[in-house]
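Visitor: If it helps, the file is called coords-v9.tsv and holds TSV, C-alpha atoms:
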chain	number	residue	atom	x	y	z
A	1	MET	CA	-7.40	-55.10	-30.89
A	2	THR	CA	-3.65	-54.72	-30.50
A	3	VAL	CA	-1.00	-57.33	-31.26
A	4	GLN	CA	2.34	-57.95	-29.62
A	5	HIS	CA	4.26	-57.29	-32.85
A	6	ASP	CA	5.43	-60.90	-32.85
A	7	LEU	CA	5.05	-63.73	-35.36
A	8	PRO	CA	2.70	-66.44	-34.07
A	9	ALA	CA	4.10	-69.89	-34.86
A	10	GLY	CA	2.33	-71.49	-37.80
A	11	GLN	CA	-0.02	-68.58	-38.49
A	12	PRO	CA	-0.24	-67.42	-42.12
A	13	LEU	CA	1.18	-64.09	-43.25
A	14	TYR	CA	-0.08	-62.04	-46.17
A	15	GLY	CA	2.64	-61.53	-48.77
A	16	CYS	CA	2.48	-58.06	-50.33
A	17	MET	CA	4.67	-58.65	-53.41
A	18	GLY	CA	1.67	-58.30	-55.72
A	19	LEU	CA	0.68	-54.85	-54.48
A	20	GLY	CA	1.72	-51.52	-55.98
A	21	GLY	CA	1.18	-51.89	-59.72
A	22	SER	CA	3.92	-52.63	-62.25
A	23	TRP	CA	7.52	-53.67	-61.69
A	24	ASP	CA	8.88	-50.71	-63.66
A	25	ALA	CA	9.46	-47.13	-62.56
A	26	ALA	CA	5.94	-45.95	-63.43
A	27	PRO	CA	4.21	-44.43	-60.38
A	28	TYR	CA	1.39	-46.32	-58.72
A	29	THR	CA	-2.14	-45.14	-59.36
A	30	ALA	CA	-5.40	-44.70	-57.46
A	31	SER	CA	-6.47	-48.01	-59.00
A	32	ASP	CA	-3.37	-49.69	-57.55
A	33	ILE	CA	-4.22	-48.32	-54.10
A	34	ALA	CA	-7.80	-49.60	-54.38
A	35	HIS	CA	-6.49	-53.00	-55.52
A	36	ALA	CA	-4.16	-53.16	-52.51
A	37	GLU	CA	-6.91	-52.04	-50.15
A	38	ALA	CA	-9.21	-54.85	-51.31
A	39	ALA	CA	-6.47	-57.45	-50.80
A	40	VAL	CA	-5.47	-56.15	-47.36
A	41	GLU	CA	-9.09	-55.95	-46.20
A	42	ALA	CA	-9.62	-59.56	-47.32
A	43	ALA	CA	-6.52	-60.63	-45.38
A	44	LEU	CA	-7.73	-58.86	-42.26
A	45	ASP	CA	-11.20	-60.38	-42.70
A	46	ALA	CA	-9.54	-63.81	-42.90
A	47	GLY	CA	-7.88	-63.14	-39.53
A	48	ILE	CA	-4.37	-62.49	-40.83
A	49	THR	CA	-2.44	-59.92	-38.80
A	50	ALA	CA	1.11	-60.27	-40.22
A	51	PHE	CA	2.08	-58.61	-43.51
A	52	ASP	CA	5.26	-59.49	-45.39
A	53	HIS	CA	7.09	-56.98	-47.60
A	54	ALA	CA	10.47	-56.47	-49.22
A	55	ASP	CA	12.08	-53.22	-50.28
A	56	ILE	CA	12.36	-54.45	-53.89
A	57	TYR	CA	8.72	-55.49	-54.37
A	58	ARG	CA	7.40	-53.47	-57.32
A	59	ARG	CA	10.55	-51.34	-56.93
A	60	GLY	CA	9.40	-50.09	-53.54
A	61	LYS	CA	5.83	-49.41	-54.64
A	62	ALA	CA	4.39	-52.33	-52.65
A	63	GLU	CA	5.64	-50.71	-49.43
A	64	ALA	CA	4.55	-47.25	-50.56
A	65	VAL	CA	1.00	-48.37	-51.37
A	66	PHE	CA	0.79	-50.15	-48.04
A	67	GLY	CA	1.97	-46.95	-46.38
A	68	GLU	CA	-0.94	-45.16	-48.06
A	69	LEU	CA	-3.33	-47.68	-46.49
A	70	LEU	CA	-1.79	-47.22	-43.04
A	71	ALA	CA	-2.15	-43.45	-43.37
A	72	ARG	CA	-5.82	-43.83	-44.33
A	73	SER	CA	-6.63	-46.26	-41.50
A	74	PRO	CA	-5.81	-44.84	-38.05
A	75	GLY	CA	-5.14	-47.65	-35.61
A	76	LEU	CA	-4.35	-50.28	-38.27
A	77	ARG	CA	-0.59	-50.14	-37.63
A	78	GLU	CA	-1.08	-51.22	-34.02
A	79	ARG	CA	-3.21	-54.19	-35.08
A	80	ILE	CA	-0.64	-55.80	-37.36
A	81	VAL	CA	2.86	-57.23	-37.52
A	82	LEU	CA	4.85	-55.46	-40.22
A	83	GLN	CA	7.69	-57.47	-41.75
A	84	THR	CA	9.98	-56.41	-44.58
A	85	LYS	CA	13.20	-57.57	-46.18
A	86	CYS	CA	16.36	-56.02	-47.56
A	87	GLY	CA	19.52	-57.28	-49.22
A	88	ILE	CA	18.68	-57.55	-52.94
A	89	ARG	CA	19.68	-54.80	-55.35
A	90	GLN	CA	17.91	-54.95	-58.69
A	91	ALA	CA	19.73	-54.35	-61.96
A	92	ASP	CA	20.00	-50.61	-62.57
A	93	GLY	CA	22.02	-48.19	-64.67
A	94	GLY	CA	24.01	-50.91	-66.42
A	95	LEU	CA	24.85	-52.67	-63.15
A	96	PRO	CA	23.71	-56.28	-62.74
A	97	GLY	CA	21.36	-57.41	-60.01
A	98	MET	CA	23.28	-58.30	-56.87
A	99	TYR	CA	23.02	-58.99	-53.15
A	100	ASP	CA	24.24	-56.39	-50.68
A	101	LEU	CA	24.36	-56.90	-46.91
A	102	ARG	CA	26.96	-54.26	-46.18
A	103	ALA	CA	26.12	-52.28	-43.06
A	104	PRO	CA	25.55	-48.88	-44.71
A	105	THR	CA	23.27	-50.48	-47.31
A	106	ILE	CA	21.17	-52.27	-44.69
A	107	VAL	CA	20.71	-49.08	-42.67
A	108	ARG	CA	19.85	-47.00	-45.73
A	109	ARG	CA	17.35	-49.57	-47.03
A	110	VAL	CA	15.62	-49.77	-43.66
A	111	GLU	CA	15.33	-45.99	-43.47
A	112	GLU	CA	13.82	-45.96	-46.99
A	113	SER	CA	11.35	-48.71	-46.07
A	114	LEU	CA	10.26	-46.82	-42.97
A	115	THR	CA	9.57	-43.75	-45.09
A	116	ARG	CA	7.58	-45.68	-47.69
A	117	LEU	CA	5.61	-47.59	-45.06
A	118	ARG	CA	4.92	-44.38	-43.10
A	119	THR	CA	5.83	-45.96	-39.80
A	120	ASP	CA	8.54	-45.37	-37.22
A	121	VAL	CA	9.41	-49.01	-36.58
A	122	ILE	CA	9.59	-52.31	-38.46
A	123	ASP	CA	8.48	-55.28	-36.39
A	124	VAL	CA	10.59	-57.88	-38.21
A	125	LEU	CA	13.42	-57.30	-40.71
A	126	LEU	CA	14.60	-60.26	-42.79
A	127	LEU	CA	17.87	-60.38	-44.74
A	128	HIS	CA	16.48	-61.33	-48.15
A	129	ARG	CA	19.35	-63.35	-49.66
A	130	PRO	CA	22.85	-64.28	-48.50
A	131	ASP	CA	25.57	-61.97	-49.78
A	132	PRO	CA	28.82	-63.92	-50.42
A	133	LEU	CA	30.88	-60.75	-49.88
A	134	ALA	CA	29.23	-59.73	-46.62
A	135	ASP	CA	31.22	-59.73	-43.39
A	136	PRO	CA	28.83	-61.32	-40.83
A	137	ALA	CA	30.30	-59.21	-38.03
A	138	GLU	CA	29.57	-56.03	-40.01
A	139	THR	CA	26.06	-57.22	-40.85
A	140	ALA	CA	25.41	-58.05	-37.19
A	141	GLU	CA	26.68	-54.63	-36.14
A	142	ALA	CA	24.17	-52.95	-38.48
A	143	LEU	CA	21.30	-55.02	-37.09
A	144	THR	CA	22.32	-54.24	-33.53
A	145	SER	CA	22.45	-50.53	-34.31
A	146	LEU	CA	18.97	-50.58	-35.89
A	147	HIS	CA	17.59	-52.36	-32.84
A	148	ARG	CA	19.31	-49.98	-30.43
A	149	GLN	CA	17.80	-47.01	-32.26
A	150	GLY	CA	14.34	-48.53	-31.99
A	151	LEU	CA	13.93	-48.77	-35.76
A	152	VAL	CA	13.57	-52.57	-35.89
A	153	ARG	CA	12.17	-54.82	-33.18
A	154	ARG	CA	13.25	-58.29	-34.40
A	155	PHE	CA	15.39	-59.85	-37.10
A	156	GLY	CA	15.41	-62.91	-39.28
A	157	VAL	CA	16.69	-64.22	-42.60
A	158	SER	CA	15.34	-65.52	-45.88
A	159	ASN	CA	16.66	-68.23	-48.21
A	160	MET	CA	19.52	-69.12	-45.87
A	161	SER	CA	21.00	-72.44	-44.80
A	162	ALA	CA	21.73	-73.63	-41.29
A	163	ALA	CA	25.44	-72.86	-41.72
A	164	GLN	CA	24.77	-69.31	-42.90
A	165	ILE	CA	22.38	-68.66	-40.01
A	166	ALA	CA	24.89	-70.10	-37.52
A	167	GLU	CA	27.65	-67.86	-38.87
A	168	LEU	CA	25.51	-64.75	-38.43
A	169	ARG	CA	24.28	-65.81	-34.99
A	170	ALA	CA	27.90	-66.17	-33.83
A	171	HIS	CA	28.29	-62.38	-34.20
A	172	LEU	CA	24.83	-61.31	-33.06
A	173	ASP	CA	23.53	-61.06	-29.50
A	174	LEU	CA	19.97	-60.59	-30.73
A	175	PRO	CA	17.90	-63.67	-31.67
A	176	LEU	CA	17.01	-64.49	-35.27
A	177	VAL	CA	13.30	-65.23	-35.20
A	178	ALA	CA	12.49	-66.38	-38.75
A	179	ASN	CA	13.81	-68.00	-41.91
A	180	GLN	CA	11.64	-67.63	-45.02
A	181	LEU	CA	12.10	-70.38	-47.60
A	182	GLU	CA	10.26	-71.64	-50.67
A	183	MET	CA	8.10	-74.49	-49.41
A	184	SER	CA	4.88	-75.97	-50.76
A	185	LEU	CA	3.33	-79.21	-51.94
A	186	ALA	CA	4.91	-78.43	-55.32
A	187	ASP	CA	8.35	-77.39	-53.99
A	188	ARG	CA	9.11	-80.29	-51.67
A	189	ASP	CA	12.92	-80.32	-51.48
A	190	TRP	CA	12.69	-78.99	-47.92
A	191	VAL	CA	10.93	-82.16	-46.70
A	192	GLU	CA	12.53	-84.62	-49.11
A	193	ALA	CA	16.06	-83.63	-48.08
A	194	GLY	CA	15.39	-85.36	-44.78
A	195	VAL	CA	14.33	-88.70	-46.27
A	196	LEU	CA	16.56	-89.02	-49.34
A	197	VAL	CA	19.72	-89.39	-47.26
A	198	ASN	CA	21.70	-92.43	-48.40
A	199	THR	CA	19.80	-92.67	-51.70
A	200	SER	CA	20.89	-91.77	-55.23
A	201	ALA	CA	17.98	-89.30	-55.45
A	202	ALA	CA	19.69	-87.11	-52.83
A	203	THR	CA	22.12	-85.82	-55.48
A	204	GLY	CA	19.30	-83.95	-57.20
A	205	ASN	CA	18.01	-82.27	-54.07
A	206	GLY	CA	19.28	-78.71	-53.65
A	207	PHE	CA	17.87	-78.00	-50.20
A	208	PRO	CA	20.61	-77.56	-47.55
A	209	HIS	CA	20.25	-80.65	-45.38
A	210	GLY	CA	19.76	-79.97	-41.69
A	211	THR	CA	18.35	-76.45	-42.10
A	212	LEU	CA	14.87	-77.34	-40.85
A	213	GLU	CA	16.30	-79.17	-37.87
A	214	TYR	CA	18.65	-76.30	-37.04
A	215	CYS	CA	15.84	-73.75	-37.19
A	216	ARG	CA	13.63	-75.86	-34.93
A	217	ALA	CA	16.44	-76.38	-32.43
A	218	HIS	CA	17.18	-72.65	-32.24
A	219	ASP	CA	13.59	-71.34	-32.34
A	220	VAL	CA	14.00	-69.79	-35.78
A	221	ARG	CA	10.43	-69.92	-37.06
A	222	LEU	CA	9.97	-71.14	-40.61
A	223	GLN	CA	7.95	-69.18	-43.14
A	224	ALA	CA	6.97	-70.62	-46.53
A	225	TRP	CA	6.92	-68.39	-49.58
A	226	GLY	CA	5.11	-69.77	-52.62
A	227	ALA	CA	2.86	-71.69	-50.23
A	228	LEU	CA	-0.11	-71.91	-52.63
A	229	ALA	CA	2.12	-73.24	-55.44
A	230	GLN	CA	0.90	-70.60	-57.92
A	231	GLY	CA	-2.49	-72.31	-58.19
A	232	ARG	CA	-1.10	-75.61	-59.47
A	233	PHE	CA	-3.38	-77.64	-57.20
A	234	THR	CA	-6.27	-75.18	-56.87
A	235	GLY	CA	-6.61	-73.41	-60.22
A	236	PRO	CA	-8.75	-74.24	-63.28
A	237	ASP	CA	-6.45	-77.07	-64.36
A	238	ALA	CA	-6.00	-78.61	-60.90
A	239	GLY	CA	-8.26	-81.53	-61.78
A	240	ASP	CA	-5.84	-82.63	-64.48
A	241	SER	CA	-3.44	-84.02	-61.84
A	242	ALA	CA	-3.90	-86.72	-59.24
A	243	ALA	CA	-2.62	-84.36	-56.54
A	244	GLY	CA	-5.09	-81.64	-57.55
A	245	ARG	CA	-7.96	-84.14	-57.42
A	246	LEU	CA	-6.84	-85.35	-53.99
A	247	VAL	CA	-6.63	-81.78	-52.67
A	248	ALA	CA	-10.19	-81.13	-53.88
A	249	ASP	CA	-11.44	-84.39	-52.38
A	250	LEU	CA	-9.89	-83.66	-48.99
A	251	ALA	CA	-11.31	-80.13	-49.04
A	252	GLU	CA	-14.79	-81.52	-49.63
A	253	ARG	CA	-14.40	-84.11	-46.88
A	254	LYS	CA	-13.05	-81.53	-44.40
A	255	ARG	CA	-15.65	-78.93	-45.40
A	256	THR	CA	-13.02	-76.40	-46.30
A	257	THR	CA	-11.25	-75.08	-49.41
A	258	PRO	CA	-8.44	-76.52	-51.54
A	259	GLU	CA	-6.30	-73.52	-50.57
A	260	THR	CA	-6.69	-74.43	-46.90
A	261	ILE	CA	-5.65	-78.03	-47.56
A	262	LEU	CA	-2.40	-76.81	-49.12
A	263	LEU	CA	-1.68	-74.54	-46.17
A	264	TRP	CA	-2.63	-77.23	-43.66
A	265	TRP	CA	-0.10	-79.53	-45.31
A	266	LEU	CA	2.63	-77.05	-44.38
A	267	GLN	CA	1.20	-76.19	-40.96
A	268	ARG	CA	0.78	-79.87	-40.02
A	269	HIS	CA	4.57	-80.32	-40.07
A	270	PRO	CA	5.98	-80.26	-36.51
A	271	ALA	CA	8.08	-77.22	-37.42
A	272	ARG	CA	4.75	-75.31	-37.47
A	273	ILE	CA	5.54	-73.65	-40.78
A	274	ALA	CA	3.87	-70.28	-41.34
A	275	PRO	CA	2.63	-69.99	-44.95
A	276	VAL	CA	2.96	-66.70	-46.82
A	277	ILE	CA	-0.16	-66.11	-48.94
A	278	GLY	CA	0.76	-64.08	-51.99
A	279	THR	CA	-2.37	-63.91	-54.13
A	280	THR	CA	-3.99	-60.51	-54.59
A	281	ARG	CA	-7.45	-61.91	-55.34
A	282	PRO	CA	-9.72	-61.25	-52.34
A	283	GLU	CA	-11.80	-64.40	-52.88
A	284	ARG	CA	-8.68	-66.55	-52.88
A	285	ILE	CA	-7.31	-64.82	-49.78
A	286	LEU	CA	-10.62	-65.47	-48.00
A	287	ALA	CA	-10.41	-69.11	-49.12
A	288	CYS	CA	-7.44	-69.38	-46.72
A	289	ARG	CA	-9.53	-68.38	-43.70
A	290	ASP	CA	-9.65	-71.88	-42.18
A	291	ALA	CA	-5.84	-72.02	-42.15
A	292	VAL	CA	-6.01	-69.13	-39.67
A	293	ALA	CA	-9.07	-70.18	-37.66
A	294	ARG	CA	-8.67	-73.97	-37.44
A	295	GLU	CA	-5.86	-76.31	-36.49
A	296	PRO	CA	-4.70	-78.49	-39.41
A	297	GLU	CA	-7.20	-81.33	-39.77
A	298	LEU	CA	-4.97	-83.72	-41.67
A	299	THR	CA	-4.18	-87.14	-40.27
A	300	HIS	CA	-0.73	-88.68	-40.46
A	301	GLU	CA	-1.94	-90.83	-43.34
A	302	GLU	CA	-3.59	-87.95	-45.22
A	303	TRP	CA	-0.45	-85.83	-44.96
A	304	TYR	CA	1.62	-88.65	-46.44
A	305	GLU	CA	-0.99	-89.35	-49.12
A	306	LEU	CA	-0.73	-85.73	-50.30
A	307	TRP	CA	3.06	-85.91	-50.31
A	308	VAL	CA	3.35	-89.21	-52.18
A	309	THR	CA	0.65	-88.27	-54.69
A	310	ALA	CA	2.37	-84.95	-55.45
A	311	ARG	CA	5.75	-86.68	-55.90
A	312	GLY	CA	4.26	-89.17	-58.35
A	313	VAL	CA	6.52	-92.01	-57.19
A	314	PRO	CA	6.68	-93.98	-53.91
A	315	LEU	CA	8.98	-92.95	-51.09
A	316	PRO	CA	12.36	-94.73	-51.02
Render the structure in this file as structure tokens.
Guide:
Amino acid sequence: MTVQHDLPAGQPLYGCMGLGGSWDAAPYTASDIAHAEAAVEAALDAGITAFDHADIYRRGKAEAVFGELLARSPGLRERIVLQTKCGIRQADGGLPGMYDLRAPTIVRRVEESLTRLRTDVIDVLLLHRPDPLADPAETAEALTSLHRQGLVRRFGVSNMSAAQIAELRAHLDLPLVANQLEMSLADRDWVEAGVLVNTSAATGNGFPHGTLEYCRAHDVRLQAWGALAQGRFTGPDAGDSAAGRLVADLAERKRTTPETILLWWLQRHPARIAPVIGTTRPERILACRDAVAREPELTHEEWYELWVTARGVPLP
């Protein structure tokens, strides 16, 4: 099977941040490769065909381990969508961590990612974080050059507001196809920003109002990192909360898993949010299978019940 190297709306991606061993400079091991292989095979078995990376994950080792898997599996590259990100520089040599979207940095980081991933093209490149010092015209010029050279097929952003996306789009002839944001049943600012307008609670909401609406209007597909909420509603202690109990009850009624219920809650939104699944445990990855194979089976009322129960207080 081949794919069109595009991001299907609403379909989960597998997030590769957990692959590659430690976050320090120690080299990855054969055990790390085997660990990554088990996770990737589980994702493929679940029907996931899009894989999300970033150049900084495990200091580049997540990409490198994935490149090992591509080299070992002829034909796999043509079956998947390969997405990575650049724009964050980790603290190093006495320098603080920073963001860097200068054109030479973007080009160099993409070339390094291509080498680690052992591929000649990245399907989707996201700008990982906004850089306050970046000139959007210069950033756009770098993206255009990468596309013209055939090194990157499509572009998007991550953790950016509507205004920041609009500023970049004003200098870029190519479309921006994705915006990856933290969104889950635990991190609800993205949905609450739209209903807390004209209430005192709005002052505590940090999500840039209008970003979801802007992305929908301009066909910038939304991706949710942290979609499983680090096991808060599905782990061993999930039954200690009303929301965790409701997730389990709905899973039983729908004949699916608690993980699927969490992903369905995101996918049920009309923006058709694509969850990024970041666990490395094969059994938990496979527990997300129904979020790939089935349309979200949550009613209007069930979606709201999950939301209100997770908030702990009624809507305004």
Visitor: Could you pull out every residue with an atom within 10 Å of (-5.2, -53.9, -45.4), file coordinates, counting all atoms listed in the file, and send them as a PyMOL selection string?
Guide: chain A and resi 14+36-45+48-49+51+66+69-70+73+76-77+80
Visitor: I need the residue nearest Asp123 in chain A from this list: A:Glu295, A:Asp6, A:Asp187, A:Glu68. Use all atoms listed in the file for the distance.
Guide: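 Among the listed residues, A:Asp6 lies closest to Asp123 in chain A.
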Visitor: With distances taken over all atoms listed in the file, which residue among A:Leu101, A:Ala62, A:Leu228, A:Val107 lies nearest Pro27 in chain A?
Guide: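 Of the candidates, the smallest distance to Pro27 in chain A is held by A:Ala62.
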Visitor: A:Asp249, A:Leu143, A:Val124, A:Arg79: which is nearest Ile106 in chain A, counting all atoms listed in the file?
Guide: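 The shortest atom-to-atom distance to Ile106 in chain A comes from A:Leu143.
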Visitor: If we count all atoms listed in the file and set the cut-off at 12 Å, which residues sit around Asp92 in chain A, ignoring sequence neighbours fewer than 6 positions away in its own chain? Please answer as a PyMOL selection string.
Guide: chain A and resi 24-25+59+98
Visitor: Measuring atom to atom with all atoms listed in the file, identify which of A:Gly194, A:Gly226, A:Pro208, A:Gly60 is nearest to Thr115 in chain A.
Guide: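 Closest to Thr115 in chain A, using all atoms listed in the file: A:Gly60.
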Visitor: For Arg216 in chain A, which residue out of A:Ala9, A:Val276, A:Ala91, A:Leu174 is the nearest one, using all atoms listed in the file?
Guide: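 Using all atoms listed in the file, the shortest distance to Arg216 in chain A belongs to A:Ala9.
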